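Notes for the one structure printed next.
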Amino acid sequence: MSARQTSQKGFVAVTLITVLALALVIIVYASLLGTFPGGQVQVVTVNGDLKYCTTNSTTPGDWELSLDNIANGTSWYVMFNTTSGGYIGNISITWQLQNYTGGAWVDVSGAVVNTNNFYLNGSVGQEIYASTDGTQTENYDWGTNKTKEAGTYRIEMTMNTA
């Protein structure tokens with residue numbers, strides 16, 4: 001092998017090593033430029049209580065967490081009262097009547113009220129009623145309409161973003 005061929009092979013080897021070294025530097029440098037932190041994401045929830053009343057009263061103190069010893073066919077109503085600030089925006093709600101049977105809560109067929117497009121304002125003490133628009137005026141009378149037989153009942157409310 002001549003000195004010229006050896007020199008050319010050496011040049012090629014040094015060139016390849018230099019190119020590889022530069023490529024690694026560029027890759028490391030590019031990864032350093034590719035890390036960007038985003039802004040924070042705040043996840044909120046809605047907290048509150050379902051409350052019952054036999055008169056659909058406009059006085060907040062008349063609403064209770066449970067009702068005991070009411071006669072068959074007696075009117076009773078439900079509302080949800082927020083207990084902490086949280087989600088702001090439109091929601092939809094399904095109010096489902098349940099009966100305690102055989103040691104478990106069972107949905108009563110056909111005993112559902114849907115509230116559509118109700119606006120939650122994120123405040124404490126916001127009241128939502130089991131009506132199509134969430135207002136008290138049309139609050140559904142569960143006792144007169146659905147609980148005419150003796151038993152133990154409750155409402156299960158499911159809230160979703162709209």
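Every chain in the structure tokens takes a letter, A first, then B, and so on in the order presented; its residues are numbered from 1, and the ligands are numbered from 1 following the presented order.
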_For region 129-140 of chain A: contacts at 10 Å, only C-alpha atoms, fewer than 5 positions along chain excluded, given as a list in words_ = Leu50, Lys51, Asn56, Ser57, Thr58, Ser75, Trp76, Tyr77, Val78, Met79, Phe80, Asn81, Ser92, Ile93, Thr94, Trp95, Gln96, Val112, Val113, Asn114, Thr115, Asn116, Asn117, Phe118, Tyr119, Asn145, Ile155 and Met157 of chain A
Please, could you write that set of residues out with N, CA and C atoms as an mmCIF file, in the first residue's frame?
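As a result, again38.cif now contains:
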```
data_model
loop_
_atom_site.group_PDB
_atom_site.id
_atom_site.type_symbol
_atom_site.label_atom_id
_atom_site.label_comp_id
_atom_site.auth_asym_id
_atom_site.auth_seq_id
_atom_site.Cartn_x
_atom_site.Cartn_y
_atom_site.Cartn_z
ATOM 1 N N LEU A 50 -77.438 16.462 48.008
ATOM 2 C CA LEU A 50 -78.825 16.346 47.582
ATOM 3 C C LEU A 50 -79.678 16.569 48.823
ATOM 4 N N LYS A 51 -80.689 17.400 48.692
ATOM 5 C CA LYS A 51 -81.581 17.699 49.816
ATOM 6 C C LYS A 51 -83.026 17.505 49.380
ATOM 7 N N ASN A 56 -91.391 21.802 48.553
ATOM 8 C CA ASN A 56 -90.664 22.561 47.525
ATOM 9 C C ASN A 56 -90.477 24.008 47.973
ATOM 10 N N SER A 57 -90.153 24.173 49.226
ATOM 11 C CA SER A 57 -90.048 25.482 49.868
ATOM 12 C C SER A 57 -88.958 26.356 49.251
ATOM 13 N N THR A 58 -89.174 27.651 49.331
ATOM 14 C CA THR A 58 -88.156 28.610 48.901
ATOM 15 C C THR A 58 -87.229 28.994 50.054
ATOM 16 N N SER A 75 -96.235 14.489 48.612
ATOM 17 C CA SER A 75 -95.276 15.178 47.738
ATOM 18 C C SER A 75 -93.906 15.250 48.388
ATOM 19 N N TRP A 76 -92.869 15.044 47.593
ATOM 20 C CA TRP A 76 -91.507 15.352 48.023
ATOM 21 C C TRP A 76 -90.662 15.695 46.804
ATOM 22 N N TYR A 77 -89.719 16.568 47.029
ATOM 23 C CA TYR A 77 -88.918 17.163 45.967
ATOM 24 C C TYR A 77 -87.433 17.031 46.312
ATOM 25 N N VAL A 78 -86.588 17.209 45.315
ATOM 26 C CA VAL A 78 -85.146 17.126 45.523
ATOM 27 C C VAL A 78 -84.458 18.313 44.868
ATOM 28 N N MET A 79 -83.337 18.686 45.463
ATOM 29 C CA MET A 79 -82.469 19.707 44.872
ATOM 30 C C MET A 79 -81.030 19.411 45.251
ATOM 31 N N PHE A 80 -80.108 19.896 44.430
ATOM 32 C CA PHE A 80 -78.681 19.767 44.683
ATOM 33 C C PHE A 80 -78.160 21.134 45.066
ATOM 34 N N ASN A 81 -77.426 21.199 46.181
ATOM 35 C CA ASN A 81 -76.869 22.452 46.676
ATOM 36 C C ASN A 81 -75.348 22.330 46.688
ATOM 37 N N SER A 92 -75.289 18.934 32.168
ATOM 38 C CA SER A 92 -76.557 18.209 32.056
ATOM 39 C C SER A 92 -76.612 17.251 33.241
ATOM 40 N N ILE A 93 -77.815 17.005 33.733
ATOM 41 C CA ILE A 93 -78.000 16.178 34.922
ATOM 42 C C ILE A 93 -79.067 15.134 34.655
ATOM 43 N N THR A 94 -78.832 13.933 35.159
ATOM 44 C CA THR A 94 -79.848 12.890 35.180
ATOM 45 C C THR A 94 -80.197 12.634 36.636
ATOM 46 N N TRP A 95 -81.475 12.780 36.964
ATOM 47 C CA TRP A 95 -81.999 12.505 38.301
ATOM 48 C C TRP A 95 -82.727 11.168 38.214
ATOM 49 N N GLN A 96 -82.224 10.154 38.913
ATOM 50 C CA GLN A 96 -82.782 8.808 38.849
ATOM 51 C C GLN A 96 -83.327 8.402 40.219
ATOM 52 N N VAL A 112 -87.054 8.992 35.815
ATOM 53 C CA VAL A 112 -85.879 9.802 35.496
ATOM 54 C C VAL A 112 -86.330 11.200 35.090
ATOM 55 N N VAL A 113 -85.586 12.201 35.544
ATOM 56 C CA VAL A 113 -85.770 13.572 35.071
ATOM 57 C C VAL A 113 -84.416 14.026 34.538
ATOM 58 N N ASN A 114 -84.407 14.655 33.380
ATOM 59 C CA ASN A 114 -83.176 15.166 32.785
ATOM 60 C C ASN A 114 -83.177 16.685 32.798
ATOM 61 N N THR A 115 -82.115 17.250 33.354
ATOM 62 C CA THR A 115 -81.901 18.695 33.328
ATOM 63 C C THR A 115 -80.858 18.956 32.260
ATOM 64 N N ASN A 116 -81.190 19.803 31.318
ATOM 65 C CA ASN A 116 -80.289 20.058 30.198
ATOM 66 C C ASN A 116 -79.798 21.498 30.187
ATOM 67 N N ASN A 117 -78.517 21.647 29.882
ATOM 68 C CA ASN A 117 -77.922 22.947 29.629
ATOM 69 C C ASN A 117 -78.087 23.916 30.802
ATOM 70 N N PHE A 118 -77.828 23.432 32.014
ATOM 71 C CA PHE A 118 -77.866 24.290 33.198
ATOM 72 C C PHE A 118 -76.481 24.885 33.396
ATOM 73 N N TYR A 119 -76.409 26.159 33.753
ATOM 74 C CA TYR A 119 -75.124 26.842 33.914
ATOM 75 C C TYR A 119 -74.679 26.832 35.376
ATOM 76 N N ASN A 145 -95.918 11.400 42.020
ATOM 77 C CA ASN A 145 -95.805 10.742 40.724
ATOM 78 C C ASN A 145 -95.172 9.348 40.738
ATOM 79 N N ILE A 155 -82.762 9.598 45.515
ATOM 80 C CA ILE A 155 -82.444 10.084 44.170
ATOM 81 C C ILE A 155 -80.929 9.962 43.977
ATOM 82 N N MET A 157 -78.112 11.369 41.486
ATOM 83 C CA MET A 157 -77.921 12.420 40.493
ATOM 84 C C MET A 157 -76.580 12.217 39.791
#
```
*Could you find all residues in region 32-155 of chain A that DSSP calls strand (DSSP E or B) from the backbone, and write them as a ChimeraX atom specification?*
/A:47-53,64,77-84,88-101,104-121,127-129,153-155
Helix (DSSP H, G or I) call set, DSSP backbone run, chain A, as an mmCIF file with N, CA and C atoms, in the first residue's frame:
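The resulting result20.cif:
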```
data_model
loop_
_atom_site.group_PDB
_atom_site.id
_atom_site.type_symbol
_atom_site.label_atom_id
_atom_site.label_comp_id
_atom_site.auth_asym_id
_atom_site.auth_seq_id
_atom_site.Cartn_x
_atom_site.Cartn_y
_atom_site.Cartn_z
ATOM 1 N N ALA A 3 1.961 5.311 0.348
ATOM 2 C CA ALA A 3 1.782 6.342 1.357
ATOM 3 C C ALA A 3 0.582 7.201 1.029
ATOM 4 N N ARG A 4 0.331 7.353 -0.261
ATOM 5 C CA ARG A 4 -0.814 8.176 -0.681
ATOM 6 C C ARG A 4 -2.121 7.509 -0.300
ATOM 7 N N GLN A 5 -2.249 6.187 -0.487
ATOM 8 C CA GLN A 5 -3.472 5.460 -0.140
ATOM 9 C C GLN A 5 -3.684 5.479 1.369
ATOM 10 N N THR A 6 -2.613 5.324 2.128
ATOM 11 C CA THR A 6 -2.706 5.352 3.573
ATOM 12 C C THR A 6 -3.153 6.724 4.026
ATOM 13 N N SER A 7 -2.644 7.742 3.418
ATOM 14 C CA SER A 7 -3.011 9.109 3.755
ATOM 15 C C SER A 7 -4.481 9.370 3.435
ATOM 16 N N GLN A 8 -4.953 8.851 2.302
ATOM 17 C CA GLN A 8 -6.355 9.038 1.920
ATOM 18 C C GLN A 8 -7.280 8.292 2.893
ATOM 19 N N LYS A 9 -6.898 7.067 3.273
ATOM 20 C CA LYS A 9 -7.703 6.306 4.230
ATOM 21 C C LYS A 9 -7.746 7.019 5.572
ATOM 22 N N GLY A 10 -6.621 7.561 5.980
ATOM 23 C CA GLY A 10 -6.564 8.314 7.239
ATOM 24 C C GLY A 10 -7.454 9.544 7.170
ATOM 25 N N PHE A 11 -7.404 10.237 6.035
ATOM 26 C CA PHE A 11 -8.237 11.426 5.850
ATOM 27 C C PHE A 11 -9.715 11.067 5.921
ATOM 28 N N VAL A 12 -10.103 9.978 5.247
ATOM 29 C CA VAL A 12 -11.499 9.521 5.261
ATOM 30 C C VAL A 12 -11.906 9.153 6.679
ATOM 31 N N ALA A 13 -11.044 8.449 7.386
ATOM 32 C CA ALA A 13 -11.349 8.037 8.759
ATOM 33 C C ALA A 13 -11.524 9.260 9.659
ATOM 34 N N VAL A 14 -10.632 10.201 9.576
ATOM 35 C CA VAL A 14 -10.726 11.415 10.391
ATOM 36 C C VAL A 14 -11.974 12.209 10.020
ATOM 37 N N THR A 15 -12.294 12.276 8.735
ATOM 38 C CA THR A 15 -13.491 12.993 8.280
ATOM 39 C C THR A 15 -14.745 12.336 8.824
ATOM 40 N N LEU A 16 -14.836 10.996 8.749
ATOM 41 C CA LEU A 16 -16.005 10.277 9.271
ATOM 42 C C LEU A 16 -16.149 10.487 10.776
ATOM 43 N N ILE A 17 -15.060 10.424 11.497
ATOM 44 C CA ILE A 17 -15.105 10.634 12.952
ATOM 45 C C ILE A 17 -15.574 12.050 13.260
ATOM 46 N N THR A 18 -15.098 13.009 12.515
ATOM 47 C CA THR A 18 -15.499 14.408 12.716
ATOM 48 C C THR A 18 -16.983 14.590 12.420
ATOM 49 N N VAL A 19 -17.464 14.005 11.322
ATOM 50 C CA VAL A 19 -18.885 14.109 10.953
ATOM 51 C C VAL A 19 -19.747 13.470 12.035
ATOM 52 N N LEU A 20 -19.366 12.293 12.521
ATOM 53 C CA LEU A 20 -20.120 11.619 13.585
ATOM 54 C C LEU A 20 -20.134 12.458 14.861
ATOM 55 N N ALA A 21 -18.998 13.023 15.208
ATOM 56 C CA ALA A 21 -18.921 13.852 16.410
ATOM 57 C C ALA A 21 -19.832 15.077 16.273
ATOM 58 N N LEU A 22 -19.817 15.722 15.118
ATOM 59 C CA LEU A 22 -20.698 16.879 14.883
ATOM 60 C C LEU A 22 -22.175 16.466 14.927
ATOM 61 N N ALA A 23 -22.491 15.317 14.354
ATOM 62 C CA ALA A 23 -23.876 14.834 14.357
ATOM 63 C C ALA A 23 -24.359 14.600 15.791
ATOM 64 N N LEU A 24 -23.492 14.005 16.626
ATOM 65 C CA LEU A 24 -23.874 13.780 18.019
ATOM 66 C C LEU A 24 -24.078 15.097 18.757
ATOM 67 N N VAL A 25 -23.216 16.067 18.503
ATOM 68 C CA VAL A 25 -23.363 17.381 19.131
ATOM 69 C C VAL A 25 -24.676 18.024 18.692
ATOM 70 N N ILE A 26 -24.995 17.929 17.424
ATOM 71 C CA ILE A 26 -26.246 18.514 16.900
ATOM 72 C C ILE A 26 -27.450 17.818 17.523
ATOM 73 N N ILE A 27 -27.424 16.478 17.650
ATOM 74 C CA ILE A 27 -28.539 15.732 18.243
ATOM 75 C C ILE A 27 -28.729 16.142 19.701
ATOM 76 N N VAL A 28 -27.652 16.206 20.476
ATOM 77 C CA VAL A 28 -27.739 16.614 21.881
ATOM 78 C C VAL A 28 -28.232 18.045 21.961
ATOM 79 N N TYR A 29 -27.707 18.901 21.137
ATOM 80 C CA TYR A 29 -28.098 20.307 21.133
ATOM 81 C C TYR A 29 -29.571 20.439 20.775
ATOM 82 N N ALA A 30 -30.067 19.657 19.799
ATOM 83 C CA ALA A 30 -31.469 19.724 19.392
ATOM 84 C C ALA A 30 -32.374 19.241 20.507
ATOM 85 N N SER A 31 -31.982 18.207 21.242
ATOM 86 C CA SER A 31 -32.839 17.728 22.316
ATOM 87 C C SER A 31 -32.942 18.770 23.426
ATOM 88 N N LEU A 32 -31.876 19.514 23.666
ATOM 89 C CA LEU A 32 -31.926 20.567 24.670
ATOM 90 C C LEU A 32 -32.867 21.690 24.244
ATOM 91 N N LEU A 33 -32.936 21.945 22.964
ATOM 92 C CA LEU A 33 -33.839 22.986 22.474
ATOM 93 C C LEU A 33 -35.286 22.497 22.385
ATOM 94 N N PRO A 60 -84.308 27.970 52.389
ATOM 95 C CA PRO A 60 -83.244 26.959 52.396
ATOM 96 C C PRO A 60 -83.261 26.043 53.620
ATOM 97 N N GLY A 61 -83.622 26.529 54.780
ATOM 98 C CA GLY A 61 -83.639 25.728 55.999
ATOM 99 C C GLY A 61 -84.687 24.624 56.008
ATOM 100 N N ASP A 62 -85.643 24.671 55.095
ATOM 101 C CA ASP A 62 -86.692 23.642 55.030
ATOM 102 C C ASP A 62 -86.235 22.383 54.297
ATOM 103 N N TRP A 142 -91.690 13.832 43.156
ATOM 104 C CA TRP A 142 -91.427 12.396 43.138
ATOM 105 C C TRP A 142 -92.468 11.623 43.931
ATOM 106 N N GLY A 143 -92.937 12.179 45.035
ATOM 107 C CA GLY A 143 -93.891 11.484 45.897
ATOM 108 C C GLY A 143 -95.236 11.252 45.240
ATOM 109 N N THR A 144 -95.799 12.276 44.639
ATOM 110 C CA THR A 144 -97.111 12.155 44.001
ATOM 111 C C THR A 144 -97.030 11.309 42.740
ATOM 112 N N ASN A 145 -95.918 11.400 42.020
ATOM 113 C CA ASN A 145 -95.805 10.742 40.724
ATOM 114 C C ASN A 145 -95.172 9.348 40.738
#
```
_Considering only C-alpha atoms, can you say which of A:Pro37, A:Lys148, A:Val46, A:Asn160 comes closest to Gly85 (chain A)?_
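Looking at the shortest contact to Gly85 (chain A), the residue is A:Val46.
Between CA of Thr83 (chain A) and CA of Gln40 (chain A) lies a distance of 25.1 Å.
Distances from A:Gly110, A:Thr158, A:Glu149, A:Gly89 to Gly73 (chain A) were compared using only C-alpha atoms, and the smallest one belongs to A:Glu149.
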*Non-local contacts of Ser109 (chain A) (12 Å; only C-alpha atoms; under 6 positions in same chain excluded) as a ChimeraX atom specification*: /A:96-99,146-147
